[in-house]
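Okay, input_28.txt now, which holds compact mmCIF, C-alpha atoms:
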# COMPACT_ATOMS: atom_id res chain seq x y z
CA MET A 29 12.07 96.93 120.07
CA ASN A 30 9.36 94.28 120.24
CA THR A 31 10.01 90.83 121.67
CA TYR A 32 8.15 87.78 120.38
CA ASP A 33 6.34 86.01 123.20
CA TRP A 34 6.85 82.37 122.26
CA LEU A 35 5.49 81.23 125.67
CA ARG A 36 2.11 82.96 125.42
CA ASN A 37 0.21 79.69 124.78
CA LEU A 38 1.74 78.01 127.83
CA PRO A 39 -1.10 77.07 130.24
CA ILE A 40 -0.98 78.34 133.82
CA ALA A 41 -0.34 75.29 135.99
CA ASP A 42 -0.06 76.99 139.37
CA ARG A 43 -1.32 80.47 140.14
CA ASP A 44 1.14 80.88 143.02
CA SER A 45 4.19 80.20 140.81
CA TYR A 46 2.88 82.41 138.01
CA CYS A 47 5.07 85.42 137.26
CA ASN A 48 3.39 88.57 138.61
CA VAL A 49 5.86 90.90 136.92
CA VAL A 50 4.96 92.47 133.59
CA GLU A 51 7.03 94.39 131.08
CA ILE A 52 5.62 97.80 130.13
CA SER A 53 6.76 99.98 127.25
CA PHE A 54 6.61 103.78 127.16
CA ASN A 55 6.86 106.35 124.40
CA LYS A 56 6.09 103.95 121.52
CA GLY A 57 8.47 101.25 122.75
CA THR A 58 11.60 103.41 123.08
CA ARG A 59 11.71 102.77 126.84
CA LYS A 60 10.74 99.61 128.72
CA ASP A 61 10.68 98.69 132.37
CA PHE A 62 9.43 95.94 134.71
CA PHE A 63 6.52 96.48 137.13
CA ARG A 64 4.92 94.25 139.73
CA ASN A 65 1.27 93.44 139.22
CA THR A 66 -0.36 93.73 142.64
CA THR A 67 -3.90 94.03 141.27
CA VAL A 68 -6.43 91.29 140.71
CA HIS A 69 -6.48 91.89 136.96
CA VAL A 70 -4.82 89.50 134.52
CA PHE A 71 -3.34 91.79 131.88
CA GLU A 72 -2.69 90.92 128.27
CA LYS A 73 -0.34 92.35 125.73
CA GLY A 74 -1.52 95.74 124.44
CA ASP A 75 -3.48 96.82 127.53
CA LEU A 76 -2.97 100.39 128.76
CA VAL A 77 -2.20 100.52 132.49
CA THR A 78 -1.41 103.20 135.03
CA VAL A 79 1.80 102.62 136.98
CA GLU A 80 3.77 104.36 139.67
CA GLY A 81 5.87 107.28 138.53
CA VAL A 82 8.13 109.89 140.12
CA SER A 83 5.89 111.71 142.61
CA GLY A 84 2.92 110.80 140.45
CA PHE A 85 1.75 108.26 137.91
CA ASP A 86 2.55 107.27 134.35
CA VAL A 87 0.64 105.43 131.61
CA GLY A 88 2.23 102.64 129.58
CA GLU A 89 1.37 99.66 127.41
CA ILE A 90 1.78 96.01 128.38
CA SER A 91 4.43 94.47 126.12
CA LEU A 92 5.15 91.10 127.80
CA THR A 93 3.41 88.91 130.37
CA GLY A 94 3.90 85.45 131.80
CA GLU A 95 7.01 83.27 131.87
CA ILE A 96 8.78 85.15 129.09
CA VAL A 97 9.15 88.09 131.50
CA ARG A 98 11.37 85.99 133.77
CA LEU A 99 13.70 85.27 130.87
CA GLN A 100 13.86 88.97 130.06
CA MET A 101 14.59 89.84 133.69
CA LYS A 102 17.38 87.27 133.74
CA LYS A 103 18.80 88.78 130.56
CA TYR A 104 18.93 92.28 132.08
CA GLY A 105 19.95 91.14 135.56
CA VAL A 106 16.76 92.21 137.35
CA LYS A 107 15.65 90.19 140.37
CA GLU A 108 12.01 89.26 140.64
CA ALA A 109 11.98 89.73 144.42
CA ASN A 110 13.41 93.26 144.24
CA PRO A 111 11.51 95.33 146.85
CA ASP A 112 12.22 98.61 145.00
CA MET A 113 10.33 97.48 141.90
CA LYS A 114 7.44 99.81 141.09
CA LYS A 115 3.87 98.58 140.94
CA VAL A 116 0.95 98.59 138.55
CA LEU A 117 -1.83 100.73 140.02
CA ARG A 118 -4.86 100.05 137.80
CA MET A 119 -6.18 99.85 134.29
CA ALA A 120 -5.78 103.19 132.58
CA THR A 121 -8.91 105.31 132.77
CA ASP A 122 -10.14 107.78 130.16
CA ARG A 123 -8.96 110.65 132.33
CA ASP A 124 -5.45 109.16 132.58
CA ILE A 125 -5.21 108.70 128.81
CA GLU A 126 -6.52 112.22 128.15
CA GLN A 127 -4.00 113.72 130.58
CA ARG A 128 -1.17 111.77 128.96
CA THR A 129 -2.22 113.01 125.49
CA VAL A 130 -2.18 116.63 126.66
CA ASN A 131 1.30 116.33 128.19
CA LYS A 132 2.69 114.46 125.17
CA GLN A 133 1.74 117.39 122.97
CA ARG A 134 4.18 119.54 124.97
CA GLU A 135 7.21 117.44 123.97
CA PRO A 136 8.03 118.95 120.51
CA GLU A 137 7.96 122.50 121.86
CA ALA A 138 10.04 121.43 124.89
CA VAL A 139 12.73 119.99 122.59
CA ILE A 140 13.07 123.25 120.65
CA ARG A 141 13.13 125.40 123.78
CA SER A 142 15.57 123.14 125.64
CA ARG A 143 18.03 123.22 122.72
CA ALA A 144 17.91 127.01 122.66
CA ILE A 145 18.61 127.19 126.40
CA ALA A 146 21.56 124.79 126.13
CA ARG A 147 22.97 126.92 123.29
CA GLN A 148 22.63 130.09 125.37
CA LEU A 149 24.55 128.47 128.23
CA LYS A 150 27.26 127.44 125.69
CA LEU A 151 27.12 123.74 126.59
CA ASP A 152 28.65 121.21 124.19
CA MET A 153 25.63 118.90 124.08
CA LYS A 154 22.62 118.10 121.94
CA ILE A 155 19.12 117.53 123.30
CA SER A 156 17.82 114.54 121.38
CA GLN A 157 14.40 113.92 122.92
CA VAL A 158 12.17 115.04 125.78
CA GLU A 159 9.80 112.53 127.38
CA MET A 160 7.02 113.86 129.59
CA GLN A 161 5.43 111.79 132.33
CA ALA A 162 1.72 111.16 131.91
CA ASP A 163 0.76 113.44 134.82
CA GLY A 164 3.15 116.20 133.64
CA ARG A 165 5.18 116.34 136.87
CA LYS A 166 8.44 114.99 135.47
CA ALA A 167 10.37 115.33 132.21
CA THR A 168 13.32 113.24 131.05
CA PHE A 169 15.80 115.02 128.75
CA TYR A 170 17.89 112.69 126.58
CA TYR A 171 21.10 114.33 125.38
CA ILE A 172 24.21 113.42 123.37
CA ALA A 173 27.65 114.69 124.33
CA ASP A 174 31.20 113.63 123.51
CA GLY A 175 32.57 114.37 126.96
CA ARG A 176 31.45 115.23 130.45
CA VAL A 177 28.96 118.10 130.69
CA ASP A 178 28.33 120.21 133.79
CA PHE A 179 24.57 120.78 133.53
CA ARG A 180 23.84 121.83 137.12
CA GLU A 181 22.85 125.31 136.01
CA LEU A 182 20.96 123.83 133.07
CA ILE A 183 18.73 121.73 135.35
CA LYS A 184 17.73 124.83 137.34
CA VAL A 185 16.80 126.70 134.17
CA TYR A 186 14.82 123.73 132.83
CA ALA A 187 12.91 123.31 136.13
CA THR A 188 12.01 127.01 136.13
CA GLU A 189 11.08 127.08 132.46
CA PHE A 190 8.96 123.91 132.22
CA LYS A 191 7.70 123.68 135.85
CA VAL A 192 8.60 119.98 136.09
CA LYS A 193 11.07 117.74 137.82
CA VAL A 194 14.05 117.34 135.49
CA GLU A 195 16.01 114.15 134.81
CA MET A 196 19.01 114.15 132.44
CA ARG A 197 20.04 110.95 130.62
CA GLN A 198 23.02 110.67 128.33
CA ILE A 199 22.67 108.40 125.29
CA GLY A 200 24.86 107.60 122.31
CA ALA A 201 24.33 108.15 118.62
CA ARG A 202 23.15 104.55 118.18
CA GLN A 203 20.50 104.93 120.90
CA GLU A 204 19.32 108.15 119.28
CA ALA A 205 18.91 106.40 115.93
CA GLY A 206 16.89 103.70 117.69
CA LYS A 207 14.57 106.31 119.19
CA VAL A 208 14.12 108.20 115.93
CA GLY A 209 13.82 105.07 113.75
CA GLY A 210 14.08 104.79 109.99
CA ILE A 211 14.84 102.50 107.05
CA GLY A 212 18.33 101.12 106.50
CA SER A 213 20.23 100.56 103.27
CA CYS A 214 18.97 96.95 103.27
CA GLY A 215 15.42 98.21 102.81
CA ARG A 216 14.22 97.07 106.22
CA GLU A 217 13.58 98.93 109.46
CA LEU A 218 16.65 99.72 111.55
CA CYS A 219 17.82 96.93 113.85
CA CYS A 220 18.34 99.39 116.71
CA ALA A 221 14.69 100.47 116.41
CA THR A 222 13.20 96.95 116.30
CA TRP A 223 15.05 94.23 118.20
CA LEU A 224 18.67 95.20 118.92
CA THR A 225 19.21 96.22 122.54
CA ASP A 226 22.93 95.64 123.15
CA PHE A 227 25.13 98.04 121.17
CA LYS A 228 28.64 96.65 120.78
CA SER A 229 31.57 98.68 119.51
CA VAL A 230 32.33 98.39 115.79
CA ASN A 231 35.72 99.35 114.32
CA THR A 232 37.32 99.26 110.89
CA SER A 233 39.26 96.05 111.60
CA ILE A 234 35.96 94.15 111.43
CA ALA A 235 35.53 95.36 107.85
CA ARG A 236 39.09 94.28 106.99
CA TYR A 237 38.46 90.77 108.28
CA GLN A 238 35.49 90.55 105.89
CA ASN A 239 37.46 91.95 102.90
CA LEU A 240 35.22 95.02 102.68
CA SER A 241 36.40 98.26 101.14
CA ILE A 242 36.99 100.91 103.80
CA ASN A 243 34.39 103.37 102.56
CA GLN A 244 32.84 105.40 105.36
CA THR A 245 29.78 106.38 103.34
CA LYS A 246 28.87 102.74 102.64
CA LEU A 247 29.84 101.30 106.03
CA SER A 248 28.19 104.00 108.14
CA GLY A 249 24.58 103.90 109.25
CA GLN A 250 22.10 106.67 109.83
CA CYS A 251 23.67 107.38 113.22
CA GLY A 252 26.98 108.29 111.59
CA ARG A 253 28.76 105.30 113.15
CA LEU A 254 29.79 102.00 111.59
CA LYS A 255 26.83 99.68 110.99
CA CYS A 256 25.97 97.25 113.77
CA CYS A 257 25.32 94.52 111.19
CA LEU A 258 29.07 94.27 110.53
CA ASN A 259 29.28 92.21 113.73
CA TYR A 260 26.71 89.64 112.60
CA GLU A 261 29.02 87.55 110.36
CA LEU A 262 32.30 88.37 112.08
CA ASP A 263 32.51 85.08 114.00
CA THR A 264 32.04 83.08 110.79
CA TYR A 265 34.87 84.95 109.08
CA LEU A 266 37.18 84.56 112.07
CA ASP A 267 36.57 80.81 112.18
CA ALA A 268 37.26 80.50 108.45
CA LEU A 269 40.45 82.58 108.66
CA GLN A 270 42.00 80.19 111.19
CA GLY A 271 42.98 77.85 108.35
CA PHE A 272 45.03 80.59 106.62
CA PRO A 273 48.69 81.23 107.51
CA ASN A 274 49.31 84.47 109.41
CA ASP A 275 52.98 85.14 108.47
CA CYS A 276 52.57 85.13 104.68
CA ASP A 277 52.03 88.81 103.93
CA GLN A 278 55.17 88.81 101.73
CA LEU A 279 56.58 86.18 99.39
CA GLU A 280 59.92 86.29 97.56
CA VAL A 281 59.98 85.09 93.95
CA ALA A 282 62.29 85.66 90.98
CA LYS A 283 60.18 88.56 89.66
CA GLY A 284 60.28 90.38 92.98
CA ARG A 285 58.45 90.57 96.27
CA ALA A 286 54.76 89.59 96.19
CA TRP A 287 52.38 91.33 98.58
CA LEU A 288 49.21 89.87 100.01
CA ILE A 289 46.06 91.64 98.75
CA LYS A 290 43.18 89.64 100.21
CA LYS A 291 42.07 86.26 101.48
CA ASP A 292 39.13 84.45 99.90
CA ILE A 293 37.56 82.20 102.54
CA PHE A 294 35.00 80.78 100.08
CA LYS A 295 37.57 79.41 97.61
CA ASN A 296 40.48 79.07 100.09
CA LEU A 297 42.72 81.28 97.95
CA MET A 298 45.18 84.05 98.77
CA TRP A 299 45.63 86.86 96.25
CA TYR A 300 49.06 88.43 95.70
CA SER A 301 50.37 91.23 93.51
CA LEU A 302 53.87 91.65 92.07
CA PRO A 303 55.76 94.96 91.72
CA ASP A 304 55.43 96.86 88.45
CA SER A 305 52.24 94.95 87.67
CA ASN A 306 48.56 95.57 88.28
CA LYS A 307 47.63 91.93 87.90
CA GLN A 308 46.60 89.87 90.92
CA TYR A 309 47.59 86.21 91.28
CA PRO A 310 45.43 83.73 93.23
CA LEU A 311 47.42 81.07 95.10
CA THR A 312 46.32 78.06 97.08
CA ILE A 313 47.11 77.82 100.78
CA GLU A 314 49.46 74.85 100.19
CA ARG A 315 51.41 76.77 97.53
CA VAL A 316 51.76 79.81 99.82
CA ARG A 317 53.09 77.69 102.66
CA LYS A 318 55.53 75.96 100.32
CA ILE A 319 56.90 79.25 98.99
CA LYS A 320 57.20 80.59 102.53
CA SER A 321 59.15 77.52 103.64
CA LEU A 322 61.49 77.91 100.62
CA ASN A 323 62.08 81.58 101.49
CA ARG A 324 63.08 80.59 105.01
CA GLN A 325 65.70 78.35 103.44
CA ASN A 326 66.90 81.30 101.30
CA ILE A 327 65.49 79.63 98.17
CA ILE A 328 63.65 81.86 95.74
CA PRO A 329 61.22 80.05 93.39
CA GLU A 330 60.88 81.10 89.79
CA GLU A 331 57.11 81.69 89.65
CA LEU A 332 54.13 81.95 91.93
CA GLU A 333 52.22 79.24 90.01
CA ALA A 334 48.87 81.00 90.18
CA VAL A 335 45.63 79.06 89.94
CA GLU A 336 43.54 79.42 86.80
CA LEU A 337 40.04 80.32 87.78
CA VAL A 338 37.35 78.81 85.59
CA SER A 339 33.88 80.21 85.93
CA ASN A 340 31.05 77.70 86.14
CA LYS A 341 28.46 80.25 85.17
CA THR A 342 26.91 79.83 81.76
CA VAL A 343 27.47 82.74 79.44
CA GLU A 344 24.21 84.36 78.54
CA VAL A 345 23.83 84.83 74.81
CA GLU A 346 22.27 88.12 73.89
CA PRO A 347 19.23 87.61 71.67
CA GLU A 348 19.46 88.99 68.16
CA PHE A 349 17.24 91.83 67.05
CA VAL A 350 13.99 90.67 65.55
CA ASP A 351 11.67 93.15 63.85
CA VAL A 352 8.48 91.99 65.53
CA VAL A 353 6.65 95.30 65.69
CA GLY A 354 7.53 96.31 62.16
CA GLN A 355 10.18 98.79 63.04
CA THR A 356 12.26 100.24 60.21
CA SER A 357 16.00 99.75 60.23
CA LEU A 358 18.49 102.56 60.15
CA ARG A 359 19.68 101.59 56.69
CA ALA A 360 16.21 102.15 55.23
CA LEU A 361 16.08 105.56 56.87
CA GLU A 362 19.51 106.42 55.48
CA ARG A 363 18.43 105.42 51.96
CA ALA A 364 15.30 107.54 52.20
CA ASP A 365 17.36 110.46 53.45
CA LYS A 366 19.83 110.17 50.55
CA LYS A 367 16.99 109.96 48.04
CA ARG A 368 15.39 113.06 49.53
CA LYS A 369 18.66 114.99 49.27
CA GLN A 370 19.11 113.99 45.61
CA GLN A 371 15.59 115.15 44.79
CA ARG A 372 16.33 118.49 46.41
CA LYS A 373 19.48 118.88 44.30
CA ASN A 374 17.83 117.81 41.00
CA GLY A 375 14.47 119.45 41.72
CA PRO A 376 14.96 123.04 40.29
CA SER A 377 16.32 121.94 36.81
CA GLU A 378 13.53 119.38 36.30
CA SER A 379 10.84 121.86 37.31
CA THR A 380 12.13 124.51 34.91
CA GLY A 381 12.21 121.91 32.08
CA ASN A 382 8.64 120.88 32.85
CA ASN A 383 7.48 124.50 32.89
CA GLN A 384 9.09 125.17 29.48
CA GLY A 385 7.43 122.08 28.02
CA GLN A 386 4.04 123.17 29.35
CA GLN A 387 4.52 126.65 27.85
CA LYS A 388 5.39 125.12 24.46
CA GLN A 389 2.30 122.92 24.54
CA GLN A 390 0.09 125.90 25.37
CA ALA A 391 1.63 127.92 22.47
CA GLN A 392 1.07 125.07 20.01
CA GLY A 393 -2.53 124.74 21.17
CA LYS A 394 -3.15 128.43 20.55
CA ASN A 395 -1.67 128.21 17.03
CA THR A 396 -3.78 125.21 16.10
CA GLY A 397 -6.85 127.05 17.33
CA ASN A 398 -6.15 130.03 15.14
CA ASP A 399 -5.58 127.81 12.06
CA ASN A 400 -8.93 126.11 12.58
CA ARG A 401 -10.65 129.45 12.85
CA GLN A 402 -9.05 130.59 9.59
CA GLN A 403 -10.10 127.43 7.74
CA GLN A 404 -13.82 127.86 8.64
CA PRO A 405 -15.92 128.94 5.58
CA ARG A 406 -17.08 132.53 5.35
CA HIS A 407 -20.63 133.38 4.22
CA ASN A 408 -22.66 136.54 3.81
CA ASN A 409 -19.90 138.79 2.69
CA GLY A 410 -17.24 137.27 4.78
CA ASN A 411 -19.30 137.07 7.96
CA ARG A 412 -19.80 133.94 9.95
CA PRO A 413 -22.91 131.92 9.11
CA GLN A 414 -25.91 133.06 11.07
CA GLN A 415 -27.16 130.71 13.69
CA PRO A 416 -30.84 129.76 13.73
CA ARG A 417 -33.13 131.92 15.78
CA ARG A 418 -34.58 130.74 19.03
CA LYS A 419 -38.10 129.44 19.19
CA GLU A 420 -39.20 132.33 21.41
CA ASN A 421 -38.34 134.79 18.63
CA ARG A 422 -40.29 132.76 16.13
CA GLY A 423 -43.24 132.79 18.36
CA ASN A 424 -43.16 136.51 18.76
CA ASN A 425 -42.89 137.03 14.98
CA GLY A 426 -45.89 134.79 14.41
CA LYS A 427 -47.92 136.88 16.86

Can you dump the structure from the file as structure tokens?
Amino acid sequence: MNTYDWLRNLPIADRDSYCNVVEISFNKGTRKDFFRNTTVHVFEKGDLVTVEGVSGFDVGEISLTGEIVRLQMKKYGVKEANPDMKKVLRMATDRDIEQRTVNKQREPEAVIRSRAIARQLKLDMKISQVEMQADGRKATFYYIADGRVDFRELIKVYATEFKVKVEMRQIGARQEAGKVGGIGSCGRELCCATWLTDFKSVNTSIARYQNLSINQTKLSGQCGRLKCCLNYELDTYLDALQGFPNDCDQLEVAKGRAWLIKKDIFKNLMWYSLPDSNKQYPLTIERVRKIKSLNRQNIIPEELEAVELVSNKTVEVEPEFVDVVGQTSLRALERADKKRKQQRKNGPSESTGNNQGQQKQQAQGKNTGNDNRQQQPRHNNGNRPQQPRRKENRGNNGK
């Protein structure tokens, strides 16, 4: 919940009229308070200071200084001359920061233990957060409850269990979401965790004014309540709806009774639906008022005379498919598939025919070989002609 200091560059004209009150944030900005600076130090934003606490001291961070603090005090109704305002003691020392770190580490365990104790006492409440003071003498328990809770016995148990002074503070679901933080459906950080401090009530009539569908899952935030941002544009819608007639929820025509569906503040049209028909008819405000005046005179017009809406948006032409990468079309794949199937069907007959032809050729080759052998001349009593001896044999015979 940071505030932009747009007066930080303002020069100090008079030291006596300078605002000596500073705004200090605790627990990562979830709690802020005003303290009087009675020291001689001139603090700047981001400085760690030690301030007065409950029967002890606390350590916080300077969030605002100067003239912007007076505007913040005026916003929250805090008087600058309030004698009960707590004071800034000193700049935070290393020992103060170390002691605060040690006590802050006790908070997660204290939350778990405090919830178990509240469940044992059968109290209808939920402990949301536990904030320890820097010196460890006080603990603030933030809880959520629908009704009034009698926690007198609970305070005694907490004081005995944690050995601290106990303070109970009731908060709502929106304040709890602001303390926990998170990201909203818009993609940005939650408004309650950044800048929103005043939580106004939000009901379903606000959604009806803005022609939003009543869907709890879409209209609810992380806190389980209706989104705070529904109030942002409400005034604009209310101002625009002042030009629409209020008593024109029903119109009588020859086809039947027309019922009002919605009001379009951007086109100044009112949408009606007829019985036994799912179609919606947009009418101008002048036409609606004219039909309503005729109905008051017991005159029923023939038609609604709806407006023909013509869109000014250019129709985007889808680009045709262009084979830039060299992709094959489905038709080519289908042809290849058909050809493959035909080859599978005709494959066995052709292979058998080829095998028979090869066998015939081999048989003919064998026959021709035998005929050639028979036609060779026979010598030496029918024997084959002797081949000449090798040279090695001749050599041996000569020896």

If we count only C-alpha atoms and set the cut-off at 8 Å, which residues sit around segment 76-85 of chain A, ignoring sequence neighbours fewer than 6 positions away in its own chain? Please answer as a short mmCIF file (atom, residue, chain, number, x, y, z; two decimals) with C-alpha atoms, in the coordinates of the input.
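Once written, out-v5.cif looks like this:
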data_model
loop_
_atom_site.label_atom_id
_atom_site.label_comp_id
_atom_site.auth_asym_id
_atom_site.auth_seq_id
_atom_site.Cartn_x
_atom_site.Cartn_y
_atom_site.Cartn_z
CA PHE A 63 6.52 96.48 137.13
CA LYS A 114 7.44 99.81 141.09
CA LYS A 115 3.87 98.58 140.94
CA VAL A 116 0.95 98.59 138.55
CA LEU A 117 -1.83 100.73 140.02
CA ARG A 118 -4.86 100.05 137.80
CA MET A 119 -6.18 99.85 134.29
CA ALA A 120 -5.78 103.19 132.58
CA ASP A 124 -5.45 109.16 132.58
CA GLN A 161 5.43 111.79 132.33
CA ALA A 162 1.72 111.16 131.91
CA ASP A 163 0.76 113.44 134.82
CA ARG A 165 5.18 116.34 136.87
CA LYS A 166 8.44 114.99 135.47
#

So how many Å separate atom CA of Pro303 of chain A and atom CA of Trp287 of chain A, to one decimal?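 Those two atoms sit 8.5 Å apart.
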
In terms of all atoms listed in the file, the residue from A:Asp275, A:Glu261, A:Glu348, A:Glu217 at minimal distance from Ala235 of chain A is A:Glu261

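If you look at atom CA of Gly74 of chain A and atom CA of Phe169 of chain A, they are 26.3 Å away from each other.
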
With N, CA and C atoms as the atom set, please write segment 240-268 of chain A from the structure just given, as an mmCIF file, in the first residue's frame.
data_model
loop_
_atom_site.group_PDB
_atom_site.id
_atom_site.type_symbol
_atom_site.label_atom_id
_atom_site.label_comp_id
_atom_site.auth_asym_id
_atom_site.auth_seq_id
_atom_site.Cartn_x
_atom_site.Cartn_y
_atom_site.Cartn_z
ATOM 1 N N LEU A 240 -23.160 -6.912 -16.967
ATOM 2 C CA LEU A 240 -22.257 -8.045 -16.792
ATOM 3 C C LEU A 240 -23.059 -9.278 -16.412
ATOM 4 N N SER A 241 -22.610 -10.431 -16.896
ATOM 5 C CA SER A 241 -23.287 -11.676 -16.552
ATOM 6 C C SER A 241 -23.031 -11.993 -15.074
ATOM 7 N N ILE A 242 -24.062 -12.400 -14.381
ATOM 8 C CA ILE A 242 -23.941 -12.683 -12.951
ATOM 9 C C ILE A 242 -23.307 -14.063 -12.792
ATOM 10 N N ASN A 243 -22.007 -14.079 -12.869
ATOM 11 C CA ASN A 243 -21.231 -15.311 -12.710
ATOM 12 C C ASN A 243 -20.288 -15.104 -11.524
ATOM 13 N N GLN A 244 -20.543 -15.829 -10.443
ATOM 14 C CA GLN A 244 -19.771 -15.602 -9.222
ATOM 15 C C GLN A 244 -18.296 -15.937 -9.401
ATOM 16 N N THR A 245 -17.997 -16.939 -10.202
ATOM 17 C CA THR A 245 -16.593 -17.319 -10.382
ATOM 18 C C THR A 245 -15.792 -16.242 -11.109
ATOM 19 N N LYS A 246 -16.437 -15.510 -12.030
ATOM 20 C CA LYS A 246 -15.739 -14.468 -12.772
ATOM 21 C C LYS A 246 -15.753 -13.127 -12.040
ATOM 22 N N LEU A 247 -16.793 -12.875 -11.261
ATOM 23 C CA LEU A 247 -16.913 -11.584 -10.588
ATOM 24 C C LEU A 247 -16.271 -11.576 -9.213
ATOM 25 N N SER A 248 -15.886 -12.724 -8.697
ATOM 26 C CA SER A 248 -15.308 -12.801 -7.353
ATOM 27 C C SER A 248 -13.789 -12.726 -7.432
ATOM 28 N N GLY A 249 -13.215 -12.086 -6.419
ATOM 29 C CA GLY A 249 -11.765 -11.992 -6.327
ATOM 30 C C GLY A 249 -11.180 -13.115 -5.500
ATOM 31 N N GLN A 250 -9.919 -12.962 -5.140
ATOM 32 C CA GLN A 250 -9.250 -13.993 -4.359
ATOM 33 C C GLN A 250 -9.757 -14.043 -2.922
ATOM 34 N N CYS A 251 -10.421 -13.005 -2.477
ATOM 35 C CA CYS A 251 -10.977 -12.993 -1.122
ATOM 36 C C CYS A 251 -12.314 -13.712 -1.045
ATOM 37 N N GLY A 252 -12.877 -14.105 -2.188
ATOM 38 C CA GLY A 252 -14.179 -14.750 -2.192
ATOM 39 C C GLY A 252 -15.341 -13.786 -2.279
ATOM 40 N N ARG A 253 -15.076 -12.497 -2.260
ATOM 41 C CA ARG A 253 -16.104 -11.462 -2.389
ATOM 42 C C ARG A 253 -16.084 -10.894 -3.805
ATOM 43 N N LEU A 254 -17.106 -10.080 -4.107
ATOM 44 C CA LEU A 254 -17.136 -9.430 -5.418
ATOM 45 C C LEU A 254 -15.959 -8.467 -5.556
ATOM 46 N N LYS A 255 -15.408 -8.374 -6.751
ATOM 47 C CA LYS A 255 -14.205 -7.577 -6.987
ATOM 48 C C LYS A 255 -14.446 -6.104 -6.690
ATOM 49 N N CYS A 256 -13.456 -5.480 -6.073
ATOM 50 C CA CYS A 256 -13.548 -4.051 -5.764
ATOM 51 C C CYS A 256 -13.532 -3.201 -7.031
ATOM 52 N N CYS A 257 -12.928 -3.722 -8.112
ATOM 53 C CA CYS A 257 -12.825 -2.930 -9.339
ATOM 54 C C CYS A 257 -14.173 -2.755 -10.035
ATOM 55 N N LEU A 258 -15.228 -3.449 -9.572
ATOM 56 C CA LEU A 258 -16.549 -3.220 -10.156
ATOM 57 C C LEU A 258 -17.075 -1.827 -9.836
ATOM 58 N N ASN A 259 -16.534 -1.206 -8.783
ATOM 59 C CA ASN A 259 -16.972 0.145 -8.418
ATOM 60 C C ASN A 259 -16.281 1.235 -9.222
ATOM 61 N N TYR A 260 -15.217 0.895 -9.940
ATOM 62 C CA TYR A 260 -14.411 1.928 -10.592
ATOM 63 C C TYR A 260 -15.189 2.660 -11.691
ATOM 64 N N GLU A 261 -15.951 1.931 -12.513
ATOM 65 C CA GLU A 261 -16.652 2.527 -13.647
ATOM 66 C C GLU A 261 -18.150 2.680 -13.391
ATOM 67 N N LEU A 262 -18.568 2.460 -12.158
ATOM 68 C CA LEU A 262 -19.996 2.517 -11.858
ATOM 69 C C LEU A 262 -20.577 3.907 -12.093
ATOM 70 N N ASP A 263 -19.867 4.950 -11.675
ATOM 71 C CA ASP A 263 -20.382 6.314 -11.843
ATOM 72 C C ASP A 263 -20.572 6.668 -13.319
ATOM 73 N N THR A 264 -19.664 6.201 -14.163
ATOM 74 C CA THR A 264 -19.790 6.478 -15.600
ATOM 75 C C THR A 264 -21.033 5.816 -16.169
ATOM 76 N N TYR A 265 -21.292 4.577 -15.763
ATOM 77 C CA TYR A 265 -22.480 3.870 -16.246
ATOM 78 C C TYR A 265 -23.765 4.528 -15.725
ATOM 79 N N LEU A 266 -23.757 4.952 -14.484
ATOM 80 C CA LEU A 266 -24.957 5.586 -13.925
ATOM 81 C C LEU A 266 -25.263 6.907 -14.621
ATOM 82 N N ASP A 267 -24.227 7.670 -14.946
ATOM 83 C CA ASP A 267 -24.445 8.921 -15.674
ATOM 84 C C ASP A 267 -24.981 8.661 -17.078
ATOM 85 N N ALA A 268 -24.485 7.617 -17.728
ATOM 86 C CA ALA A 268 -24.944 7.310 -19.088
ATOM 87 C C ALA A 268 -26.365 6.757 -19.091
#
